[in-house]
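Here is the file final36.pdb (PDB, C-alpha atoms).
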MODEL        1
ATOM      1  CA  MET A   1      38.546  76.204  78.951  1.00  0.00           C
ATOM      2  CA  LYS A   2      39.784  74.136  76.013  1.00  0.00           C
ATOM      3  CA  ALA A   3      42.742  76.456  75.531  1.00  0.00           C
ATOM      4  CA  ALA A   4      43.502  76.311  79.259  1.00  0.00           C
ATOM      5  CA  ALA A   5      43.324  72.496  79.135  1.00  0.00           C
ATOM      6  CA  ARG A   6      45.853  72.389  76.289  1.00  0.00           C
ATOM      7  CA  LEU A   7      48.144  74.733  78.215  1.00  0.00           C
ATOM      8  CA  GLN A   8      47.804  72.673  81.395  1.00  0.00           C
ATOM      9  CA  LYS A   9      48.781  69.476  79.576  1.00  0.00           C
ATOM     10  CA  ARG A  10      51.900  71.162  78.235  1.00  0.00           C
ATOM     11  CA  LEU A  11      52.755  72.458  81.716  1.00  0.00           C
ATOM     12  CA  ILE A  12      52.210  69.359  83.850  1.00  0.00           C
ATOM     13  CA  LEU A  13      52.373  66.318  81.553  1.00  0.00           C
ATOM     14  CA  PRO A  14      55.469  65.055  79.718  1.00  0.00           C
ATOM     15  CA  GLN A  15      55.078  64.729  75.953  1.00  0.00           C
ATOM     16  CA  SER A  16      56.477  61.195  76.073  1.00  0.00           C
ATOM     17  CA  PRO A  17      58.248  58.981  78.635  1.00  0.00           C
ATOM     18  CA  PRO A  18      62.053  58.711  78.552  1.00  0.00           C
ATOM     19  CA  ASP A  19      63.348  56.437  75.819  1.00  0.00           C
ATOM     20  CA  TRP A  20      65.169  53.819  77.878  1.00  0.00           C
ATOM     21  CA  PRO A  21      65.703  50.335  76.426  1.00  0.00           C
ATOM     22  CA  GLU A  22      65.204  48.833  79.904  1.00  0.00           C
ATOM     23  CA  VAL A  23      61.581  50.024  80.241  1.00  0.00           C
ATOM     24  CA  SER A  24      58.560  50.396  77.970  1.00  0.00           C
ATOM     25  CA  TRP A  25      55.486  52.377  78.952  1.00  0.00           C
ATOM     26  CA  GLY A  26      51.733  52.461  78.617  1.00  0.00           C
ATOM     27  CA  ILE A  27      49.936  55.659  79.688  1.00  0.00           C
ATOM     28  CA  HIS A  28      46.282  56.685  79.869  1.00  0.00           C
ATOM     29  CA  TYR A  29      45.246  60.178  81.021  1.00  0.00           C
ATOM     30  CA  SER A  30      41.553  61.100  81.079  1.00  0.00           C
ATOM     31  CA  PRO A  31      40.460  64.166  83.110  1.00  0.00           C
ATOM     32  CA  LEU A  32      36.833  64.445  84.178  1.00  0.00           C
ATOM     33  CA  ASP A  33      36.724  68.141  83.221  1.00  0.00           C
ATOM     34  CA  PRO A  34      38.782  69.995  80.600  1.00  0.00           C
ATOM     35  CA  LEU A  35      41.127  70.937  83.454  1.00  0.00           C
ATOM     36  CA  GLY A  36      42.140  68.004  85.646  1.00  0.00           C
ATOM     37  CA  GLY A  37      43.821  67.411  88.986  1.00  0.00           C
ATOM     38  CA  ASP A  38      45.804  64.303  88.015  1.00  0.00           C
ATOM     39  CA  LEU A  39      49.409  64.438  86.902  1.00  0.00           C
ATOM     40  CA  TYR A  40      52.335  62.183  86.175  1.00  0.00           C
ATOM     41  CA  GLY A  41      55.960  62.900  85.393  1.00  0.00           C
ATOM     42  CA  PHE A  42      59.465  61.570  84.982  1.00  0.00           C
ATOM     43  CA  ALA A  43      62.849  62.617  86.347  1.00  0.00           C
ATOM     44  CA  ARG A  44      66.464  61.864  85.425  1.00  0.00           C
ATOM     45  CA  PRO A  45      68.581  62.729  88.496  1.00  0.00           C
ATOM     46  CA  ASP A  46      71.580  61.028  86.834  1.00  0.00           C
ATOM     47  CA  GLU A  47      72.386  58.641  83.993  1.00  0.00           C
ATOM     48  CA  ASP A  48      71.605  55.491  86.013  1.00  0.00           C
ATOM     49  CA  HIS A  49      68.322  56.470  87.644  1.00  0.00           C
ATOM     50  CA  LEU A  50      64.840  57.152  86.330  1.00  0.00           C
ATOM     51  CA  GLY A  51      62.088  58.529  88.548  1.00  0.00           C
ATOM     52  CA  VAL A  52      58.341  58.257  87.896  1.00  0.00           C
ATOM     53  CA  LEU A  53      55.679  60.272  89.714  1.00  0.00           C
ATOM     54  CA  ILE A  54      51.908  59.906  89.752  1.00  0.00           C
ATOM     55  CA  ALA A  55      49.818  62.333  91.784  1.00  0.00           C
ATOM     56  CA  ASP A  56      46.281  63.579  92.321  1.00  0.00           C
ATOM     57  CA  ALA A  57      45.152  66.976  93.583  1.00  0.00           C
ATOM     58  CA  SER A  58      41.888  66.843  95.508  1.00  0.00           C
ATOM     59  CA  GLY A  59      38.732  68.091  93.826  1.00  0.00           C
ATOM     60  CA  HIS A  60      38.054  68.831  90.177  1.00  0.00           C
ATOM     61  CA  GLY A  61      38.153  71.642  87.663  1.00  0.00           C
ATOM     62  CA  ILE A  62      40.138  74.862  87.921  1.00  0.00           C
ATOM     63  CA  PRO A  63      41.080  74.695  91.661  1.00  0.00           C
ATOM     64  CA  ALA A  64      42.420  71.135  91.333  1.00  0.00           C
ATOM     65  CA  ALA A  65      44.226  72.056  88.113  1.00  0.00           C
ATOM     66  CA  MET A  66      46.023  74.971  89.778  1.00  0.00           C
ATOM     67  CA  VAL A  67      47.142  72.768  92.671  1.00  0.00           C
ATOM     68  CA  ALA A  68      48.341  70.151  90.169  1.00  0.00           C
ATOM     69  CA  ILE A  69      50.457  72.804  88.428  1.00  0.00           C
ATOM     70  CA  LEU A  70      51.993  73.797  91.786  1.00  0.00           C
ATOM     71  CA  ALA A  71      52.761  70.139  92.531  1.00  0.00           C
ATOM     72  CA  ARG A  72      54.295  69.615  89.080  1.00  0.00           C
ATOM     73  CA  SER A  73      56.530  72.652  89.568  1.00  0.00           C
ATOM     74  CA  ALA A  74      57.653  71.435  93.009  1.00  0.00           C
ATOM     75  CA  PHE A  75      58.425  67.992  91.579  1.00  0.00           C
ATOM     76  CA  ALA A  76      60.436  69.378  88.664  1.00  0.00           C
ATOM     77  CA  GLU A  77      62.567  71.487  90.988  1.00  0.00           C
ATOM     78  CA  THR A  78      63.264  68.811  93.616  1.00  0.00           C
ATOM     79  CA  SER A  79      63.613  65.564  91.654  1.00  0.00           C
ATOM     80  CA  ARG A  80      66.741  66.580  89.738  1.00  0.00           C
ATOM     81  CA  SER A  81      69.093  66.549  92.692  1.00  0.00           C
ATOM     82  CA  THR A  82      68.375  63.278  94.546  1.00  0.00           C
ATOM     83  CA  ILE A  83      67.739  59.604  93.831  1.00  0.00           C
ATOM     84  CA  HIS A  84      65.795  59.170  97.096  1.00  0.00           C
ATOM     85  CA  PRO A  85      62.006  59.260  96.597  1.00  0.00           C
ATOM     86  CA  GLY A  86      61.304  60.050 100.256  1.00  0.00           C
ATOM     87  CA  GLU A  87      63.385  63.215  99.993  1.00  0.00           C
ATOM     88  CA  VAL A  88      61.502  64.318  96.883  1.00  0.00           C
ATOM     89  CA  LEU A  89      58.086  63.883  98.524  1.00  0.00           C
ATOM     90  CA  ALA A  90      59.272  65.648 101.686  1.00  0.00           C
ATOM     91  CA  GLU A  91      60.495  68.639  99.691  1.00  0.00           C
ATOM     92  CA  MET A  92      57.312  68.742  97.613  1.00  0.00           C
ATOM     93  CA  ASN A  93      55.312  68.661 100.844  1.00  0.00           C
ATOM     94  CA  ALA A  94      57.315  71.571 102.254  1.00  0.00           C
ATOM     95  CA  ARG A  95      56.819  73.667  99.125  1.00  0.00           C
ATOM     96  CA  LEU A  96      53.068  73.025  99.014  1.00  0.00           C
ATOM     97  CA  GLN A  97      52.427  74.171 102.588  1.00  0.00           C
ATOM     98  CA  ASP A  98      49.968  77.110 102.722  1.00  0.00           C
ATOM     99  CA  MET A  99      49.727  77.138  98.912  1.00  0.00           C
ATOM    100  CA  THR A 100      46.889  74.697  98.279  1.00  0.00           C
ATOM    101  CA  ASP A 101      43.954  76.602  99.890  1.00  0.00           C
ATOM    102  CA  GLU A 102      42.785  73.723 102.136  1.00  0.00           C
ATOM    103  CA  ARG A 103      43.311  71.227  99.328  1.00  0.00           C
ATOM    104  CA  PHE A 104      45.854  68.422  99.297  1.00  0.00           C
ATOM    105  CA  VAL A 105      47.796  66.186  96.923  1.00  0.00           C
ATOM    106  CA  THR A 106      48.316  62.431  97.038  1.00  0.00           C
ATOM    107  CA  ALA A 107      51.470  61.161  95.343  1.00  0.00           C
ATOM    108  CA  PHE A 108      53.560  58.072  94.668  1.00  0.00           C
ATOM    109  CA  TYR A 109      57.157  58.447  93.534  1.00  0.00           C
ATOM    110  CA  GLY A 110      59.542  55.654  92.586  1.00  0.00           C
ATOM    111  CA  VAL A 111      63.122  55.617  91.292  1.00  0.00           C
ATOM    112  CA  LEU A 112      64.524  52.792  89.154  1.00  0.00           C
ATOM    113  CA  ASN A 113      68.246  51.977  89.063  1.00  0.00           C
ATOM    114  CA  ARG A 114      68.848  50.825  85.498  1.00  0.00           C
ATOM    115  CA  ARG A 115      71.962  48.806  86.439  1.00  0.00           C
ATOM    116  CA  THR A 116      70.576  46.844  89.403  1.00  0.00           C
ATOM    117  CA  ARG A 117      66.821  47.102  88.599  1.00  0.00           C
ATOM    118  CA  ARG A 118      66.191  48.102  92.212  1.00  0.00           C
ATOM    119  CA  PHE A 119      63.023  50.194  92.433  1.00  0.00           C
ATOM    120  CA  ALA A 120      62.878  52.456  95.502  1.00  0.00           C
ATOM    121  CA  TYR A 121      59.603  54.206  96.292  1.00  0.00           C
ATOM    122  CA  ALA A 122      57.681  56.339  98.773  1.00  0.00           C
ATOM    123  CA  ASN A 123      54.013  57.203  99.111  1.00  0.00           C
ATOM    124  CA  ALA A 124      52.051  60.255 100.241  1.00  0.00           C
ATOM    125  CA  GLY A 125      48.504  58.978 100.794  1.00  0.00           C
ATOM    126  CA  HIS A 126      48.212  57.610  97.249  1.00  0.00           C
ATOM    127  CA  PRO A 127      46.572  54.309  96.155  1.00  0.00           C
ATOM    128  CA  PHE A 128      49.136  51.498  96.284  1.00  0.00           C
ATOM    129  CA  PRO A 129      50.616  50.670  92.874  1.00  0.00           C
ATOM    130  CA  ILE A 130      50.716  47.032  91.822  1.00  0.00           C
ATOM    131  CA  TRP A 131      53.820  44.979  91.044  1.00  0.00           C
ATOM    132  CA  TYR A 132      53.436  41.911  88.851  1.00  0.00           C
ATOM    133  CA  SER A 133      56.277  39.414  89.378  1.00  0.00           C
ATOM    134  CA  ALA A 134      56.831  37.467  86.156  1.00  0.00           C
ATOM    135  CA  LYS A 135      58.820  34.841  88.052  1.00  0.00           C
ATOM    136  CA  HIS A 136      56.061  34.073  90.567  1.00  0.00           C
ATOM    137  CA  LYS A 137      53.061  35.013  88.378  1.00  0.00           C
ATOM    138  CA  THR A 138      51.545  37.041  91.211  1.00  0.00           C
ATOM    139  CA  CYS A 139      50.489  40.621  91.892  1.00  0.00           C
ATOM    140  CA  LEU A 140      51.483  42.473  95.055  1.00  0.00           C
ATOM    141  CA  ASP A 141      50.721  45.937  96.396  1.00  0.00           C
ATOM    142  CA  LEU A 142      53.689  48.287  96.646  1.00  0.00           C
ATOM    143  CA  SER A 143      52.615  49.330 100.121  1.00  0.00           C
ATOM    144  CA  ALA A 144      54.199  52.335 101.774  1.00  0.00           C
ATOM    145  CA  ARG A 145      52.478  54.973 103.851  1.00  0.00           C
ATOM    146  CA  GLY A 146      52.927  58.681 104.315  1.00  0.00           C
ATOM    147  CA  PHE A 147      50.717  61.704 104.896  1.00  0.00           C
ATOM    148  CA  LEU A 148      49.138  63.764 102.107  1.00  0.00           C
ATOM    149  CA  LEU A 149      51.221  66.543 100.558  1.00  0.00           C
ATOM    150  CA  GLY A 150      50.527  70.118 101.593  1.00  0.00           C
ATOM    151  CA  VAL A 151      48.953  69.366 104.975  1.00  0.00           C
ATOM    152  CA  MET A 152      51.491  68.325 107.628  1.00  0.00           C
ATOM    153  CA  PRO A 153      54.767  70.271 107.660  1.00  0.00           C
ATOM    154  CA  GLU A 154      58.022  68.376 108.177  1.00  0.00           C
ATOM    155  CA  GLU A 155      56.437  65.007 107.365  1.00  0.00           C
ATOM    156  CA  ILE A 156      58.971  62.204 106.832  1.00  0.00           C
ATOM    157  CA  TYR A 157      58.284  59.775 103.984  1.00  0.00           C
ATOM    158  CA  SER A 158      59.783  56.340 104.519  1.00  0.00           C
ATOM    159  CA  GLU A 159      61.214  54.450 101.558  1.00  0.00           C
ATOM    160  CA  ARG A 160      60.856  50.847 100.488  1.00  0.00           C
ATOM    161  CA  PHE A 161      62.256  48.963  97.540  1.00  0.00           C
ATOM    162  CA  VAL A 162      61.783  45.882  95.368  1.00  0.00           C
ATOM    163  CA  GLU A 163      64.215  44.056  93.104  1.00  0.00           C
ATOM    164  CA  LEU A 164      62.654  43.919  89.634  1.00  0.00           C
ATOM    165  CA  GLU A 165      63.327  41.293  86.975  1.00  0.00           C
ATOM    166  CA  PRO A 166      62.826  41.272  83.191  1.00  0.00           C
ATOM    167  CA  GLY A 167      59.156  40.647  82.458  1.00  0.00           C
ATOM    168  CA  ASP A 168      57.939  42.362  85.643  1.00  0.00           C
ATOM    169  CA  ARG A 169      55.272  45.053  85.351  1.00  0.00           C
ATOM    170  CA  LEU A 170      54.339  48.021  87.515  1.00  0.00           C
ATOM    171  CA  ALA A 171      50.890  49.637  87.429  1.00  0.00           C
ATOM    172  CA  MET A 172      50.536  53.108  88.956  1.00  0.00           C
ATOM    173  CA  PHE A 173      47.160  54.847  88.972  1.00  0.00           C
ATOM    174  CA  THR A 174      45.063  57.546  90.594  1.00  0.00           C
ATOM    175  CA  ASP A 175      41.991  56.766  92.702  1.00  0.00           C
ATOM    176  CA  GLY A 176      39.735  57.214  89.688  1.00  0.00           C
ATOM    177  CA  VAL A 177      40.616  53.593  88.818  1.00  0.00           C
ATOM    178  CA  PRO A 178      39.686  51.708  92.038  1.00  0.00           C
ATOM    179  CA  ASP A 179      36.897  54.218  92.814  1.00  0.00           C
ATOM    180  CA  CYS A 180      35.199  53.756  89.426  1.00  0.00           C
ATOM    181  CA  ARG A 181      31.544  52.799  90.084  1.00  0.00           C
ATOM    182  CA  ASP A 182      28.938  50.850  88.158  1.00  0.00           C
ATOM    183  CA  GLU A 183      25.199  51.555  87.817  1.00  0.00           C
ATOM    184  CA  ARG A 184      24.527  50.084  91.286  1.00  0.00           C
ATOM    185  CA  GLY A 185      27.126  52.311  92.938  1.00  0.00           C
ATOM    186  CA  GLU A 186      29.605  49.489  93.573  1.00  0.00           C
ATOM    187  CA  SER A 187      33.240  50.541  93.301  1.00  0.00           C
ATOM    188  CA  PHE A 188      35.778  48.657  91.186  1.00  0.00           C
ATOM    189  CA  GLY A 189      38.161  48.303  94.141  1.00  0.00           C
ATOM    190  CA  GLN A 190      41.837  47.430  94.569  1.00  0.00           C
ATOM    191  CA  GLU A 191      41.294  43.660  94.436  1.00  0.00           C
ATOM    192  CA  ARG A 192      39.586  43.889  91.040  1.00  0.00           C
ATOM    193  CA  VAL A 193      42.467  46.049  89.831  1.00  0.00           C
ATOM    194  CA  LYS A 194      44.940  43.325  90.852  1.00  0.00           C
ATOM    195  CA  SER A 195      42.827  40.584  89.300  1.00  0.00           C
ATOM    196  CA  MET A 196      42.544  42.510  86.041  1.00  0.00           C
ATOM    197  CA  PHE A 197      46.274  43.216  86.084  1.00  0.00           C
ATOM    198  CA  GLU A 198      47.032  39.489  86.384  1.00  0.00           C
ATOM    199  CA  ARG A 199      44.799  38.682  83.412  1.00  0.00           C
ATOM    200  CA  VAL A 200      46.598  41.098  81.077  1.00  0.00           C
ATOM    201  CA  ALA A 201      50.097  40.883  82.605  1.00  0.00           C
ATOM    202  CA  GLU A 202      51.662  38.969  79.705  1.00  0.00           C
ATOM    203  CA  ARG A 203      50.791  41.709  77.217  1.00  0.00           C
ATOM    204  CA  THR A 204      52.967  44.695  76.359  1.00  0.00           C
ATOM    205  CA  ALA A 205      52.645  47.828  78.495  1.00  0.00           C
ATOM    206  CA  SER A 206      50.586  49.656  75.871  1.00  0.00           C
ATOM    207  CA  GLU A 207      48.307  46.637  75.347  1.00  0.00           C
ATOM    208  CA  MET A 208      47.860  46.284  79.120  1.00  0.00           C
ATOM    209  CA  THR A 209      46.829  49.923  79.350  1.00  0.00           C
ATOM    210  CA  GLU A 210      44.247  49.474  76.616  1.00  0.00           C
ATOM    211  CA  GLY A 211      42.912  46.352  78.373  1.00  0.00           C
ATOM    212  CA  PHE A 212      42.609  48.219  81.671  1.00  0.00           C
ATOM    213  CA  VAL A 213      40.645  51.058  80.089  1.00  0.00           C
ATOM    214  CA  GLU A 214      38.308  48.707  78.212  1.00  0.00           C
ATOM    215  CA  GLU A 215      37.514  46.688  81.339  1.00  0.00           C
ATOM    216  CA  LEU A 216      36.875  49.827  83.395  1.00  0.00           C
ATOM    217  CA  LYS A 217      34.429  51.079  80.764  1.00  0.00           C
ATOM    218  CA  HIS A 218      32.700  47.698  80.697  1.00  0.00           C
ATOM    219  CA  PHE A 219      32.396  47.682  84.508  1.00  0.00           C
ATOM    220  CA  GLN A 220      31.128  51.261  84.609  1.00  0.00           C
ATOM    221  CA  GLY A 221      28.432  50.625  82.031  1.00  0.00           C
ATOM    222  CA  THR A 222      26.030  53.565  81.819  1.00  0.00           C
ATOM    223  CA  ALA A 223      27.159  55.125  85.115  1.00  0.00           C
ATOM    224  CA  LYS A 224      28.651  58.592  84.874  1.00  0.00           C
ATOM    225  CA  THR A 225      32.380  59.100  85.371  1.00  0.00           C
ATOM    226  CA  SER A 226      32.990  60.926  88.663  1.00  0.00           C
ATOM    227  CA  ASP A 227      36.770  61.440  88.773  1.00  0.00           C
ATOM    228  CA  ASP A 228      39.901  61.924  86.711  1.00  0.00           C
ATOM    229  CA  VAL A 229      41.504  58.642  85.615  1.00  0.00           C
ATOM    230  CA  THR A 230      45.244  58.273  85.090  1.00  0.00           C
ATOM    231  CA  LEU A 231      47.124  55.007  84.583  1.00  0.00           C
ATOM    232  CA  VAL A 232      50.861  54.497  84.039  1.00  0.00           C
ATOM    233  CA  ILE A 233      52.215  50.993  83.340  1.00  0.00           C
ATOM    234  CA  ALA A 234      55.907  50.125  83.160  1.00  0.00           C
ATOM    235  CA  GLU A 235      57.215  46.921  81.569  1.00  0.00           C
ATOM    236  CA  ILE A 236      60.724  45.847  82.600  1.00  0.00           C
ATOM    237  CA  ARG A 237      62.534  44.471  79.578  1.00  0.00           C
TER
ENDMDL
END

Once more with this new file: its structure as structure tokens, please.
Amino acid sequence: MKAAARLQKRLILPQSPPDWPEVSWGIHYSPLDPLGGDLYGFARPDEDHLGVLIADASGHGIPAAMVAILARSAFAETSRSTIHPGEVLAEMNARLQDMTDERFVTAFYGVLNRRTRRFAYANAGHPFPIWYSAKHKTCLDLSARGFLLGVMPEEIYSERFVELEPGDRLAMFTDGVPDCRDERGESFGQERVKSMFERVAERTASEMTEGFVEELKHFQGTAKTSDDVTLVIAEIR
């Protein structure tokens, strides 16, 4: 299992994010079992665009890990040829049909234009990422809706976009973050995620990630972890 976990990480997780001066990153990946169903990845369709994916295969252990590998392969093959996130999710959805054995994948995919700082994104049933606007000192959900991957053929994933500014932050995460529960069974929730994000928003991306993880552990207390937890934070320079 340990050897399989090491192999899975090499197959579905990038060794490091792209080295762009416009963006710095903070990343936390913590699977519940040696083999996890969470994944994240990056794409470079051309010199001016950078794509970032975060996704979550349903379930845990070996079945979820195999579905995650299928999703990672579909993403790698489709994200090279287009800068449109909706097209990438639609093609991933098509490739995952009848391959996930009644399982599904949630995913968020966004593409940043390094020249204009426009961030286009689409969502396939994934928790809404959070955008911190440095200008307005507020956190907003990057809300977009679309059906889960691998379930409904020919699903169309609508795209939205935001204009980012230097100092803005983006937090992308799997449902292990808002669904984290304390000893009483209360979940952390999306509103607590936004509140926590605001408190640490002036830190660097790596420091923000560390702050997120520490606060989740404090909230959880002695309760057992019940899901994979993945967090990707981008800081616009």

With all atoms of segment 118-126 of chain A from the file as input, state the centre and edge lengths in Å to one decimal of the axis-aligned box that has 6 Å extra on each side, as JSON.
{"center_x": 57.2, "center_y": 54.2, "center_z": 96.5, "size_x": 30.0, "size_y": 24.2, "size_z": 20.6}

Applied to the shown file, which residues does the PyMOL selection byres ((chain A and resi 63-66) around 12) return, written as an NGL selection string?
:A and (1 or 4-9 or 11-13 or 31-39 or 55-62 or 67-73 or 96 or 99-106 or 227-228)

What does the PyMOL selection byres ((chain A and resi 53) around 12) select in this file, as a PyMOL selection string?
chain A and resi 12-14+17+38-44+50-52+54-56+71-72+74-76+79+85-86+88-89+92+106-112+121-124+126+129+171-174+230-233

Residues of segment 38-143 of chain A that have any atom at most 9 Å from an atom of segment 188-208 of chain A: could you tabulate them with the shortest-distance atom pair and the distance in Å to one decimal, using all atoms listed in the file, ordered by chain and increasing number, as a tab-separated table?
residue	atom	partner	partner_atom	distance
A:Pro127	CA	A:Gln190	CA	8.5
A:Phe128	CA	A:Gln190	CA	8.5
A:Ile130	CA	A:Lys194	CA	6.9
A:Tyr132	CA	A:Ala201	CA	7.2
A:Ala134	CA	A:Ala201	CA	8.3
A:Lys137	CA	A:Glu198	CA	7.8
A:Thr138	CA	A:Glu198	CA	7.0
A:Cys139	CA	A:Lys194	CA	6.3
A:Leu140	CA	A:Lys194	CA	7.8
A:Asp141	CA	A:Lys194	CA	8.4

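Separating atom CA of Pro45 of chain A from atom CA of Tyr157 of chain A is a distance of 18.8 Å.
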
Could you list, with a cut-off of 10 Å and counting only C-alpha atoms, the residues of segment 98-171 of chain A near segment 19-23 of chain A, each shown with its nearest atom pair and the distance in Å rounded to one decimal, rows sorted by chain and ascending number, as a Markdown table?
| residue | atom | partner | partner_atom | distance |
| --- | --- | --- | --- | --- |
| A:Leu112 | CA | A:Val23 | CA | 9.8 |
| A:Arg114 | CA | A:Glu22 | CA | 7.0 |
| A:Arg115 | CA | A:Glu22 | CA | 9.4 |
| A:Arg117 | CA | A:Glu22 | CA | 9.0 |
| A:Pro166 | CA | A:Glu22 | CA | 8.6 |
| A:Gly167 | CA | A:Val23 | CA | 9.9 |
| A:Arg169 | CA | A:Val23 | CA | 9.5 |

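Between atom CA of Gln220 of chain A and atom CA of Gly125 of chain A the separation is 25.0 Å.
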
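Restricting the calculation to all atoms listed in the file, the smallest distance between Gln97 of chain A and any of A:Asp175, A:Glu159, A:Glu154, A:Glu165 is found for A:Glu154.
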
For the provided coordinates, the residues matched by the PyMOL selection byres ((chain A and resi 222) around 8) should be stated as a PyMOL selection string.
chain A and resi 182-183+220-221+223-224

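If you look at atom CA of Arg80 of chain A and atom CA of Arg10 of chain A, they are 19.3 Å away from each other.
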
Mind writing segment 45-52 of chain A to a file for me, with all heavy atoms, as a compact mmCIF listing (two decimals), in the first residue's frame?
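Result went into part_35.txt, see below:
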# COMPACT_ATOMS: atom_id res chain seq x y z
N PRO A 45 -1.50 25.48 -21.58
CA PRO A 45 -1.94 25.36 -22.97
C PRO A 45 -1.17 26.25 -23.93
O PRO A 45 -1.04 25.93 -25.11
CB PRO A 45 -3.42 25.77 -22.92
CG PRO A 45 -3.57 26.55 -21.66
CD PRO A 45 -2.57 25.98 -20.70
N ASP A 46 -0.63 27.39 -23.44
CA ASP A 46 0.27 28.22 -24.23
C ASP A 46 1.09 29.07 -23.27
O ASP A 46 0.98 28.93 -22.05
CB ASP A 46 -0.50 29.08 -25.25
CG ASP A 46 -1.51 30.02 -24.60
OD1 ASP A 46 -1.23 30.57 -23.52
OD2 ASP A 46 -2.60 30.20 -25.18
N GLU A 47 1.91 29.96 -23.80
CA GLU A 47 2.82 30.73 -22.96
C GLU A 47 2.13 31.75 -22.06
O GLU A 47 2.70 32.21 -21.07
CB GLU A 47 3.86 31.44 -23.84
CG GLU A 47 4.87 30.49 -24.46
CD GLU A 47 5.64 29.70 -23.41
OE1 GLU A 47 6.12 30.32 -22.44
OE2 GLU A 47 5.73 28.47 -23.55
N ASP A 48 0.90 32.14 -22.41
CA ASP A 48 0.21 33.20 -21.67
C ASP A 48 -0.83 32.68 -20.70
O ASP A 48 -1.43 33.48 -19.97
CB ASP A 48 -0.46 34.18 -22.64
CG ASP A 48 0.55 35.01 -23.40
OD1 ASP A 48 1.65 35.26 -22.85
OD2 ASP A 48 0.25 35.42 -24.53
N HIS A 49 -1.09 31.39 -20.69
CA HIS A 49 -2.17 30.86 -19.86
C HIS A 49 -1.68 29.73 -18.96
O HIS A 49 -0.89 28.88 -19.39
CB HIS A 49 -3.32 30.35 -20.73
CG HIS A 49 -4.04 31.45 -21.46
ND1 HIS A 49 -3.63 31.90 -22.69
CD2 HIS A 49 -5.12 32.19 -21.12
CE1 HIS A 49 -4.44 32.88 -23.09
NE2 HIS A 49 -5.35 33.07 -22.15
N LEU A 50 -2.19 29.75 -17.73
CA LEU A 50 -1.88 28.71 -16.76
C LEU A 50 -3.18 28.18 -16.18
O LEU A 50 -4.00 28.95 -15.66
CB LEU A 50 -1.01 29.28 -15.64
CG LEU A 50 -0.75 28.36 -14.43
CD1 LEU A 50 0.02 27.12 -14.87
CD2 LEU A 50 0.01 29.10 -13.34
N GLY A 51 -3.39 26.88 -16.29
CA GLY A 51 -4.59 26.25 -15.76
C GLY A 51 -4.31 25.54 -14.45
O GLY A 51 -3.23 24.97 -14.26
N VAL A 52 -5.29 25.55 -13.53
CA VAL A 52 -5.15 24.84 -12.26
C VAL A 52 -6.43 24.04 -12.01
O VAL A 52 -7.53 24.57 -12.11
CB VAL A 52 -4.85 25.80 -11.09
CG1 VAL A 52 -5.89 26.90 -10.98
CG2 VAL A 52 -4.74 25.04 -9.77
